[in-house]
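S.K.: As input, take run_12.cif (mmCIF, C-alpha atoms and all ligand atoms):
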```cif
data_input
loop_
_atom_site.label_atom_id
_atom_site.label_comp_id
_atom_site.auth_asym_id
_atom_site.auth_seq_id
_atom_site.Cartn_x
_atom_site.Cartn_y
_atom_site.Cartn_z
CA MET A 1 0.00 0.00 0.00
CA ARG A 2 1.12 3.58 -0.69
CA PRO A 3 1.84 5.79 2.36
CA LEU A 4 -1.34 7.38 3.72
CA ASP A 5 0.25 10.83 3.78
CA GLY A 6 -0.85 12.63 0.61
CA SER A 7 -3.27 9.87 -0.44
CA LEU A 8 -6.91 10.31 -1.49
CA ALA A 9 -9.43 8.16 0.39
CA LEU A 10 -13.11 7.83 -0.51
CA ILE A 11 -15.22 6.54 2.38
CA THR A 12 -18.92 5.82 2.14
CA GLY A 13 -20.78 6.60 5.35
CA ALA A 14 -18.17 8.80 7.01
CA SER A 15 -20.82 11.16 8.44
CA ARG A 16 -20.92 9.24 11.75
CA GLY A 17 -19.97 6.00 13.50
CA ILE A 18 -16.95 3.97 12.42
CA GLY A 19 -16.70 5.85 9.11
CA ALA A 20 -16.41 9.27 10.80
CA CYS A 21 -13.68 8.01 13.16
CA LEU A 22 -11.88 6.32 10.28
CA ALA A 23 -11.98 9.55 8.27
CA ALA A 24 -10.50 11.42 11.25
CA ALA A 25 -7.77 8.79 11.74
CA LEU A 26 -6.82 8.91 8.05
CA ARG A 27 -6.75 12.72 8.07
CA ARG A 28 -4.42 12.65 11.09
CA ARG A 29 -2.01 10.65 8.90
CA GLY A 30 -2.15 13.23 6.12
CA ALA A 31 -4.76 11.65 3.82
CA GLU A 32 -7.39 13.68 2.02
CA VAL A 33 -10.77 12.10 2.76
CA LEU A 34 -13.99 12.40 0.80
CA ASP A 35 -17.11 11.37 2.70
CA ILE A 36 -19.95 9.92 0.62
CA SER A 37 -23.16 9.90 2.67
CA ARG A 38 -26.72 11.20 2.59
CA ASN A 39 -25.72 13.88 5.11
CA PRO A 40 -22.00 14.20 4.45
CA SER A 41 -19.49 15.95 6.68
CA PRO A 42 -18.17 19.30 5.31
CA GLY A 43 -16.51 18.92 1.91
CA GLY A 44 -18.13 15.53 1.31
CA VAL A 45 -20.50 14.42 -1.43
CA ALA A 46 -24.23 13.95 -0.79
CA CYS A 47 -25.30 10.60 -2.18
CA ASP A 48 -28.07 8.19 -1.24
CA LEU A 49 -26.49 4.82 -1.97
CA ALA A 50 -29.96 3.26 -2.05
CA SER A 51 -30.72 5.34 -5.16
CA PRO A 52 -29.58 3.97 -8.56
CA HIS A 53 -29.67 7.54 -9.90
CA ASP A 54 -27.38 8.83 -7.11
CA ARG A 55 -24.95 5.92 -7.56
CA ARG A 56 -24.70 6.51 -11.34
CA ARG A 57 -24.24 10.26 -10.85
CA LEU A 58 -21.50 9.74 -8.25
CA ILE A 59 -19.59 7.35 -10.51
CA ALA A 60 -19.95 9.68 -13.52
CA ASP A 61 -18.86 12.79 -11.58
CA LEU A 62 -15.79 11.10 -10.08
CA ASN A 63 -14.75 9.69 -13.46
CA ALA A 64 -15.21 13.10 -15.06
CA ALA A 65 -12.96 14.64 -12.36
CA GLY A 66 -10.44 11.86 -13.04
CA ARG A 67 -8.50 12.02 -9.75
CA PRO A 68 -6.65 8.81 -8.86
CA ILE A 69 -8.09 7.12 -5.76
CA ASP A 70 -5.69 5.48 -3.32
CA LEU A 71 -8.29 4.04 -0.95
CA LEU A 72 -11.91 3.16 -1.68
CA ILE A 73 -13.61 2.20 1.58
CA HIS A 74 -17.08 0.66 1.46
CA ASN A 75 -18.20 1.46 5.00
CA ALA A 76 -21.82 2.70 4.71
CA GLY A 77 -24.30 0.17 5.97
CA ILE A 78 -27.76 -0.27 7.39
CA GLN A 79 -29.19 -2.96 9.61
CA ARG A 80 -32.85 -3.50 10.36
CA ALA A 81 -34.67 -5.98 12.51
CA LEU A 82 -36.85 -7.78 9.99
CA ASP A 83 -39.56 -10.35 10.63
CA LEU A 84 -40.44 -11.81 7.24
CA THR A 85 -43.64 -13.33 8.64
CA SER A 86 -45.06 -9.77 8.81
CA PRO A 87 -45.64 -7.40 5.88
CA CYS A 88 -42.57 -5.26 5.19
CA ASP A 89 -41.82 -2.37 2.83
CA ASP A 90 -38.70 -2.83 0.70
CA PRO A 91 -37.43 -6.02 2.40
CA ALA A 92 -34.26 -6.02 0.26
CA GLN A 93 -33.11 -2.52 1.27
CA GLU A 94 -29.96 -3.78 3.01
CA ILE A 95 -28.96 -5.70 -0.11
CA THR A 96 -29.04 -2.43 -2.07
CA VAL A 97 -27.05 -0.29 0.37
CA ASN A 98 -24.70 -2.95 1.79
CA LEU A 99 -24.01 -5.05 -1.32
CA THR A 100 -25.26 -3.56 -4.62
CA ALA A 101 -23.69 -0.16 -3.90
CA PRO A 102 -20.18 -1.50 -3.11
CA VAL A 103 -20.29 -3.76 -6.18
CA GLU A 104 -21.39 -0.93 -8.50
CA LEU A 105 -18.98 1.62 -7.00
CA THR A 106 -16.09 -0.84 -7.25
CA ALA A 107 -16.81 -1.55 -10.92
CA GLY A 108 -17.52 2.08 -11.80
CA LEU A 109 -14.51 3.54 -9.98
CA LEU A 110 -11.97 0.82 -10.82
CA PRO A 111 -10.44 2.88 -13.66
CA LEU A 112 -9.54 5.52 -11.03
CA ILE A 113 -8.04 3.19 -8.40
CA ARG A 114 -4.27 3.58 -8.34
CA LYS A 115 -2.47 0.66 -10.00
CA PRO A 116 -0.30 -0.56 -8.43
CA GLY A 117 -0.71 0.49 -4.83
CA GLY A 118 -4.41 1.28 -4.46
CA SER A 119 -6.63 -0.41 -1.88
CA ILE A 120 -10.31 -1.36 -1.74
CA VAL A 121 -11.71 -2.00 1.72
CA THR A 122 -15.05 -3.53 2.66
CA LEU A 123 -16.68 -3.56 6.09
CA THR A 124 -18.45 -6.86 6.42
CA SER A 125 -19.42 -8.43 9.74
CA LEU A 126 -18.97 -11.51 11.88
CA LEU A 127 -22.61 -12.10 10.89
CA ALA A 128 -21.21 -12.94 7.43
CA LEU A 129 -19.96 -16.16 9.09
CA HIS A 130 -23.36 -17.14 10.50
CA PRO A 131 -26.64 -15.18 10.53
CA LYS A 132 -28.62 -13.88 13.47
CA THR A 133 -32.32 -14.61 13.31
CA SER A 134 -33.54 -11.04 13.78
CA ALA A 135 -31.69 -9.50 10.81
CA PRO A 136 -31.81 -12.01 7.95
CA VAL A 137 -31.31 -9.57 5.09
CA TYR A 138 -28.46 -7.69 6.81
CA CYS A 139 -26.65 -10.99 7.36
CA ALA A 140 -27.25 -12.07 3.76
CA SER A 141 -25.90 -8.74 2.50
CA LYS A 142 -22.73 -9.06 4.59
CA ALA A 143 -22.18 -12.71 3.59
CA GLY A 144 -22.51 -11.59 -0.04
CA LEU A 145 -20.11 -8.69 0.49
CA SER A 146 -17.59 -10.98 2.19
CA SER A 147 -17.72 -13.41 -0.72
CA PHE A 148 -17.40 -10.56 -3.23
CA THR A 149 -14.37 -9.24 -1.33
CA LYS A 150 -12.55 -12.58 -1.56
CA ALA A 151 -13.13 -12.95 -5.30
CA LEU A 152 -12.21 -9.31 -5.90
CA ARG A 153 -8.93 -9.85 -4.03
CA SER A 154 -7.94 -12.61 -6.49
CA GLN A 155 -9.09 -10.65 -9.55
CA LEU A 156 -7.28 -7.44 -8.64
CA ALA A 157 -4.03 -8.90 -7.26
CA PRO A 158 -2.38 -8.90 -10.72
CA LEU A 159 -3.10 -5.15 -10.96
CA GLY A 160 -1.39 -4.50 -7.62
CA ILE A 161 -4.64 -3.48 -5.91
CA HIS A 162 -4.89 -4.63 -2.30
CA VAL A 163 -8.37 -5.80 -1.23
CA VAL A 164 -9.09 -5.78 2.49
CA GLU A 165 -11.99 -7.16 4.51
CA VAL A 166 -12.78 -5.58 7.89
CA GLN A 167 -14.81 -7.67 10.35
CA PRO A 168 -15.49 -5.54 13.42
CA PRO A 169 -16.57 -6.88 16.80
CA LEU A 170 -19.56 -5.09 18.35
CA VAL A 171 -18.74 -1.38 18.07
CA ASP A 172 -20.52 1.43 19.90
CA THR A 173 -22.39 3.38 17.15
CA ASP A 174 -25.93 4.37 16.18
CA MET A 175 -26.30 0.95 14.54
CA THR A 176 -25.79 -0.93 17.79
CA GLN A 177 -27.52 1.47 20.18
CA GLY A 178 -29.27 -0.34 22.98
CA ARG A 179 -27.77 -3.76 22.27
CA ALA A 180 -24.05 -3.33 22.69
CA ARG A 181 -22.55 -5.23 25.61
CA ASN A 182 -18.93 -4.16 26.22
CA PRO A 183 -18.65 -2.64 22.76
CA MET A 184 -15.41 -1.39 21.29
CA SER A 185 -15.34 2.37 20.76
CA ALA A 186 -15.58 3.57 17.16
CA GLU A 187 -12.29 5.46 17.67
CA ARG A 188 -10.49 2.27 18.67
CA MET A 189 -12.01 0.39 15.75
CA ALA A 190 -10.87 3.10 13.35
CA GLU A 191 -7.30 2.98 14.71
CA ALA A 192 -7.30 -0.82 14.32
CA ILE A 193 -8.36 -0.44 10.67
CA VAL A 194 -5.61 2.08 9.95
CA ALA A 195 -3.00 -0.09 11.71
CA GLY A 196 -4.19 -3.10 9.67
CA LEU A 197 -3.97 -1.13 6.43
CA GLU A 198 -0.48 0.11 7.27
CA GLY A 199 0.51 -3.46 8.17
CA GLY A 200 -0.70 -4.79 4.80
CA ARG A 201 -3.33 -7.08 6.32
CA ALA A 202 -5.90 -8.78 4.06
CA VAL A 203 -8.36 -9.24 6.93
CA ILE A 204 -8.73 -6.85 9.85
CA ALA A 205 -10.65 -8.30 12.78
CA PRO A 206 -9.60 -6.70 16.07
CA GLY A 207 -10.48 -7.60 19.65
CA LEU A 208 -13.25 -10.15 20.14
CA ALA A 209 -13.70 -10.48 16.36
CA ARG A 210 -10.31 -12.19 16.08
CA LYS A 211 -11.25 -14.67 18.82
CA VAL A 212 -14.62 -15.42 17.19
CA ARG A 213 -12.94 -16.07 13.84
CA LEU A 214 -10.43 -18.43 15.48
CA LEU A 215 -13.15 -20.27 17.41
CA ASN A 216 -15.19 -20.56 14.20
CA ARG A 217 -12.41 -22.66 12.67
CA ILE A 218 -12.58 -25.29 15.38
CA ALA A 219 -16.20 -25.05 16.58
CA PRO A 220 -18.39 -23.43 13.89
CA GLY A 221 -21.59 -24.85 15.43
CA LEU A 222 -20.85 -23.12 18.72
CA VAL A 223 -20.23 -19.77 17.00
CA ALA A 224 -23.37 -20.16 14.87
CA ALA A 225 -25.47 -20.81 17.98
CA SER A 226 -24.09 -17.79 19.82
CA LEU A 227 -24.52 -15.42 16.85
CA ARG A 228 -28.06 -16.68 16.12
CA ASN A 229 -29.53 -14.76 19.07
CA SER A 230 -26.89 -12.01 19.35
N1 LIG A 301 -21.20 -1.09 14.75
C1 LIG A 301 -20.91 -2.38 14.72
O1 LIG A 301 -20.89 -3.05 15.76
C2 LIG A 301 -20.62 -3.05 13.41
C3 LIG A 301 -20.28 -4.42 13.44
C4 LIG A 301 -20.00 -5.07 12.25
C5 LIG A 301 -20.04 -4.38 11.06
N2 LIG A 301 -20.37 -3.05 11.04
C6 LIG A 301 -20.40 -2.38 9.74
O2 LIG A 301 -19.58 -1.23 9.81
C7 LIG A 301 -20.11 -0.22 8.94
C8 LIG A 301 -20.30 1.08 9.71
O3 LIG A 301 -21.23 0.83 10.76
P1 LIG A 301 -21.57 1.88 11.91
O4 LIG A 301 -21.86 1.08 13.10
O5 LIG A 301 -20.56 2.95 11.94
O6 LIG A 301 -22.96 2.46 11.36
P2 LIG A 301 -23.70 3.86 11.67
O7 LIG A 301 -23.14 4.53 12.85
O8 LIG A 301 -25.15 3.52 11.63
O9 LIG A 301 -23.32 4.73 10.37
C9 LIG A 301 -23.73 4.30 9.11
C10 LIG A 301 -23.15 5.23 8.05
O10 LIG A 301 -23.67 4.77 6.78
C11 LIG A 301 -24.24 5.87 6.09
N3 LIG A 301 -25.39 5.43 5.30
C12 LIG A 301 -26.45 4.69 5.71
N4 LIG A 301 -27.35 4.57 4.72
C13 LIG A 301 -26.84 5.24 3.65
C14 LIG A 301 -27.30 5.50 2.34
N5 LIG A 301 -28.49 5.03 1.91
N6 LIG A 301 -26.53 6.22 1.51
C15 LIG A 301 -25.33 6.72 1.94
N7 LIG A 301 -24.84 6.51 3.16
C16 LIG A 301 -25.59 5.78 4.02
C17 LIG A 301 -24.66 6.84 7.19
O11 LIG A 301 -24.65 8.18 6.71
P3 LIG A 301 -25.97 9.05 6.42
O12 LIG A 301 -27.00 8.68 7.43
O13 LIG A 301 -25.47 10.47 6.50
O14 LIG A 301 -26.35 8.67 5.03
C18 LIG A 301 -23.57 6.67 8.23
O15 LIG A 301 -22.48 7.52 7.97
C19 LIG A 301 -21.42 -0.78 8.39
O16 LIG A 301 -21.20 -1.34 7.10
C20 LIG A 301 -21.77 -1.88 9.37
O17 LIG A 301 -22.58 -2.88 8.79
C21 LIG A 301 -20.66 -2.38 12.18
#
```
Using C-alpha cells, write down the structure that the file contains.
M.R.:
Amino acid sequence: MRPLDGSLALITGASRGIGACLAAALRRRGAEVLDISRNPSPGGVACDLASPHDRRRLIADLNAAGRPIDLLIHNAGIQRALDLTSPCDDPAQEITVNLTAPVELTAGLLPLIRKPGGSIVTLTSLLALHPKTSAPVYCASKAGLSSFTKALRSQLAPLGIHVVEVQPPLVDTDMTQGRARNPMSAERMAEAIVAGLEGGRAVIAPGLARKVRLLNRIAPGLVAASLRNS
C-alpha cells in the first residue's frame, strides 16, 4: 500500500460512526478524505447509496474529475430488525445499500483506483460467518459482500490493488444502540483499521472479532449458535 500521507481516500458513510472516526484517523495521517453519505461531513458528497440515480451520478462525476483514488472504503451500511412473517416495505433494502452499492462503485470507480498500490476496503461483519435470526437480510448482505471481497482480491491482485476485509466486533455506534454489551469504541475500531492497512493485512478483525474467527475454525456450530440470538 502507498503511504497514507498525501493519499486520497473515498469513504462511504463517514458522516458518523466507524466511518467518521476512520476519516479522522486517516486525516491525522495526512490523507485527504472524501465522505460519501446522505448527510456528508463538510466537503463531502451527498449521495443516497440506495438510489440507482445517485450511484450513477457519483460514478460519472468522479470519473469526469479523473482524480486517482488510493483508498476506496465501502463502509456505509444499514441494519434493520426484519420479521419476514409480517408485511414489510422494501425487504431487500440492506442488499441495495450494503451489497449492490459497493459492487457498483467498485466496478464504476476501478479505472480511477491507483495501480499498483491502491486499496479497496469492505466492512463486512462476523454475521457474514453465521446469521442472526432477527436481521436475515443484513446478514445475507454481509455474507454476499464478504464473498465478493474474496473474489475481488484474487481478480485485482495482478493489478497491484490490495483488497481488504474488515470484520469488526460489536462497536458502539448508532447501529448498535441499545444492544451493545462491552462494545469497542468507534475510535479504537478506526485505529485498528488504519493499523491493519499500514501493516498490509488482508483481513482486519480486532479484539473479540479475532477470537470469534479463530473459534469458528474449530467449533463453527458453537459460534453459529451464539450469533443466532446475538
Ligand atoms: N457497529 C458495529 O458493531 C458493526 C459491526 C459489524 C459491522 N459493522 C459495519 O460497519 C459499517 C459502519 O457501521 P456503523 O456502526 O458505523 O454504522 P452507523 O453509525 O449507523 O453509520 C452508518 C453510516 O452509513 C451511512 N449510510 C447509511 N445509509 C446510507 C445510504 N443510503 N446512503 C449513503 N450513506 C448511508 C450513514 O450516513 P448518512 O445517514 O449520512 O447517510 C452513516 O455515515 C457498516 O457497514 C456496518 O454494517 C458495524
S.K.: Quick one: contact table of chain A to ligand LIG 301 (chain A), 7 Å max, nearest atom pair and distance in Å to one decimal per residue, counting only C-alpha atoms and all ligand atoms, chain and number order, as JSON lines?
M.R.:
```
{"residue": "A:Thr12", "atom": "CA", "partner": "A:LIG301", "partner_atom": "N7", "distance": 6.0}
{"residue": "A:Gly13", "atom": "CA", "partner": "A:LIG301", "partner_atom": "O15", "distance": 3.3}
{"residue": "A:Ala14", "atom": "CA", "partner": "A:LIG301", "partner_atom": "O15", "distance": 4.6}
{"residue": "A:Ser15", "atom": "CA", "partner": "A:LIG301", "partner_atom": "O15", "distance": 4.0}
{"residue": "A:Arg16", "atom": "CA", "partner": "A:LIG301", "partner_atom": "O15", "distance": 4.4}
{"residue": "A:Gly17", "atom": "CA", "partner": "A:LIG301", "partner_atom": "O5", "distance": 3.5}
{"residue": "A:Ile18", "atom": "CA", "partner": "A:LIG301", "partner_atom": "O5", "distance": 3.8}
{"residue": "A:Gly19", "atom": "CA", "partner": "A:LIG301", "partner_atom": "O5", "distance": 5.6}
{"residue": "A:Ala20", "atom": "CA", "partner": "A:LIG301", "partner_atom": "O15", "distance": 6.9}
{"residue": "A:Ile36", "atom": "CA", "partner": "A:LIG301", "partner_atom": "C15", "distance": 6.4}
{"residue": "A:Ser37", "atom": "CA", "partner": "A:LIG301", "partner_atom": "N7", "distance": 3.8}
{"residue": "A:Arg38", "atom": "CA", "partner": "A:LIG301", "partner_atom": "O14", "distance": 3.5}
{"residue": "A:Asn39", "atom": "CA", "partner": "A:LIG301", "partner_atom": "O13", "distance": 3.7}
{"residue": "A:Pro40", "atom": "CA", "partner": "A:LIG301", "partner_atom": "O13", "distance": 5.5}
{"residue": "A:Cys47", "atom": "CA", "partner": "A:LIG301", "partner_atom": "C15", "distance": 5.7}
{"residue": "A:Asp48", "atom": "CA", "partner": "A:LIG301", "partner_atom": "N6", "distance": 3.7}
{"residue": "A:Leu49", "atom": "CA", "partner": "A:LIG301", "partner_atom": "N6", "distance": 3.8}
{"residue": "A:Ala50", "atom": "CA", "partner": "A:LIG301", "partner_atom": "N5", "distance": 4.6}
{"residue": "A:Asn75", "atom": "CA", "partner": "A:LIG301", "partner_atom": "O16", "distance": 4.6}
{"residue": "A:Ala76", "atom": "CA", "partner": "A:LIG301", "partner_atom": "O10", "distance": 3.5}
{"residue": "A:Gly77", "atom": "CA", "partner": "A:LIG301", "partner_atom": "O16", "distance": 3.6}
{"residue": "A:Ile78", "atom": "CA", "partner": "A:LIG301", "partner_atom": "C12", "distance": 5.4}
{"residue": "A:Gln79", "atom": "CA", "partner": "A:LIG301", "partner_atom": "O17", "distance": 6.7}
{"residue": "A:Val97", "atom": "CA", "partner": "A:LIG301", "partner_atom": "N5", "distance": 5.7}
{"residue": "A:Asn98", "atom": "CA", "partner": "A:LIG301", "partner_atom": "O16", "distance": 6.6}
{"residue": "A:Leu123", "atom": "CA", "partner": "A:LIG301", "partner_atom": "O16", "distance": 5.1}
{"residue": "A:Thr124", "atom": "CA", "partner": "A:LIG301", "partner_atom": "C5", "distance": 5.5}
{"residue": "A:Ser125", "atom": "CA", "partner": "A:LIG301", "partner_atom": "C4", "distance": 4.2}
{"residue": "A:Leu126", "atom": "CA", "partner": "A:LIG301", "partner_atom": "C4", "distance": 6.5}
{"residue": "A:Gln167", "atom": "CA", "partner": "A:LIG301", "partner_atom": "C4", "distance": 6.1}
{"residue": "A:Pro168", "atom": "CA", "partner": "A:LIG301", "partner_atom": "C4", "distance": 4.7}
{"residue": "A:Pro169", "atom": "CA", "partner": "A:LIG301", "partner_atom": "C3", "distance": 5.6}
{"residue": "A:Leu170", "atom": "CA", "partner": "A:LIG301", "partner_atom": "O1", "distance": 3.6}
{"residue": "A:Val171", "atom": "CA", "partner": "A:LIG301", "partner_atom": "O1", "distance": 3.6}
{"residue": "A:Asp172", "atom": "CA", "partner": "A:LIG301", "partner_atom": "N1", "distance": 5.8}
{"residue": "A:Thr173", "atom": "CA", "partner": "A:LIG301", "partner_atom": "O7", "distance": 4.5}
{"residue": "A:Asp174", "atom": "CA", "partner": "A:LIG301", "partner_atom": "O7", "distance": 4.3}
{"residue": "A:Met175", "atom": "CA", "partner": "A:LIG301", "partner_atom": "O8", "distance": 4.0}
{"residue": "A:Thr176", "atom": "CA", "partner": "A:LIG301", "partner_atom": "N1", "distance": 5.5}
```
S.K.: Just the residues within 10 Å of Phe148 in chain A, please, counting all atoms listed in the file, with nothing from its chain fewer than 3 positions along; format it as a ChimeraX atom specification.
M.R.: /A:99,102-103,122,142-145,151-153
S.K.: Would you mind listing what lies within 10 Å of Leu84 in chain A as a short mmCIF file (atom, residue, chain, number, x, y, z; two decimals) with C-alpha atoms, keeping the file's coordinate frame, with all atoms listed in the file counted and same-chain residues fewer than 6 positions away left out?
M.R.:
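Ended up saving to selection_29.cif:
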```cif
data_model
loop_
_atom_site.label_atom_id
_atom_site.label_comp_id
_atom_site.auth_asym_id
_atom_site.auth_seq_id
_atom_site.Cartn_x
_atom_site.Cartn_y
_atom_site.Cartn_z
CA PRO A 91 -37.43 -6.02 2.40
CA SER A 134 -33.54 -11.04 13.78
CA ALA A 135 -31.69 -9.50 10.81
CA PRO A 136 -31.81 -12.01 7.95
CA VAL A 137 -31.31 -9.57 5.09
#
```
S.K.: Measure the distance from CA of Pro3 in chain A to CA of Arg55 in chain A in Å and round it to one decimal.
M.R.: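 CA of Arg55 in chain A lies 28.6 Å from CA of Pro3 in chain A.
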S.K.: Using all atoms listed in the file, which residue out of A:Leu214, A:Ala224, A:Leu22, A:Arg29 lies closest to Arg188 in chain A?
M.R.: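 Of all the options, A:Leu22 lies closest to Arg188 in chain A.
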S.K.: Give the answer as one residue: which of A:Ala128, A:Met189, A:Ala64, A:Leu110 has the shortest atom-to-atom distance to Gln155 in chain A, using all atoms listed in the file?
M.R.: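 Looking at the shortest contact to Gln155 in chain A, the residue is A:Leu110.
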S.K.: Residues of range 49-98 of chain A that have any atom at most 12 Å from an atom of range 23-28 of chain A: could you tabulate them with the shortest-distance atom pair and the distance in Å to one decimal, using all atoms listed in the file, ordered by chain and increasing number, as JSON lines?
M.R.:
```
{"residue": "A:Asp70", "atom": "CA", "partner": "A:Leu26", "partner_atom": "CA", "distance": 11.9}
{"residue": "A:Leu71", "atom": "CA", "partner": "A:Leu26", "partner_atom": "CA", "distance": 10.3}
{"residue": "A:Leu72", "atom": "CA", "partner": "A:Ala23", "partner_atom": "CA", "distance": 11.8}
{"residue": "A:Ile73", "atom": "CA", "partner": "A:Ala23", "partner_atom": "CA", "distance": 10.1}
{"residue": "A:Asn75", "atom": "CA", "partner": "A:Ala23", "partner_atom": "CA", "distance": 10.7}
```
S.K.: For each of A:Arg228, A:His162, A:Arg2, A:Arg80, take the minimum atom-to-atom distance to Lys132 in chain A, counting all atoms listed in the file, then give the residue where this is smallest.
M.R.: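 Between A:Arg228, A:His162, A:Arg2, A:Arg80, the residue approaching Lys132 in chain A most closely is A:Arg228.
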S.K.: Name the residues in contact with Ile113 in chain A at a cut-off of 12 Å, using all atoms listed in the file, excluding same-chain residues fewer than 3 positions from it; report them as a PyMOL selection string.
M.R.: chain A and resi 2+7-10+62-63+66-73+105-110+116-121+156+159-163
S.K.: Between A:Ser51, A:Ile11, A:Ala190, A:Ser86, which has the minimum distance to Leu34 in chain A (counting all atoms listed in the file)?
M.R.: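 The shortest atom-to-atom distance to Leu34 in chain A comes from A:Ile11.
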S.K.: CA of His53 in chain A and CA of Asp90 in chain A, how far apart in Å?
M.R.: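 According to the coordinates, CA of Asp90 in chain A and CA of His53 in chain A are separated by 17.4 Å.
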S.K.: Pick from A:Ala202, A:Ala209, A:Leu129, A:Val164: nearest to Met184 in chain A, with only C-alpha atoms counted?
M.R.: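 Going through A:Ala202, A:Ala209, A:Leu129, A:Val164 one by one, the smallest distance to Met184 in chain A is for A:Ala209.
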S.K.: Would you please work out which residue, of A:Gln93, A:Thr100, A:Asn229, A:Asn182, is nearest to Tyr138 in chain A when using all atoms listed in the file?
M.R.: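 Using all atoms listed in the file, Tyr138 in chain A sits closest to A:Gln93.
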S.K.: Using CA of Ala219 in chain A and CA of Gly207 in chain A as the two end points, give the distance in Å to one decimal.
M.R.: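 So the two atoms, CA of Ala219 in chain A and CA of Gly207 in chain A, lie 18.6 Å apart.
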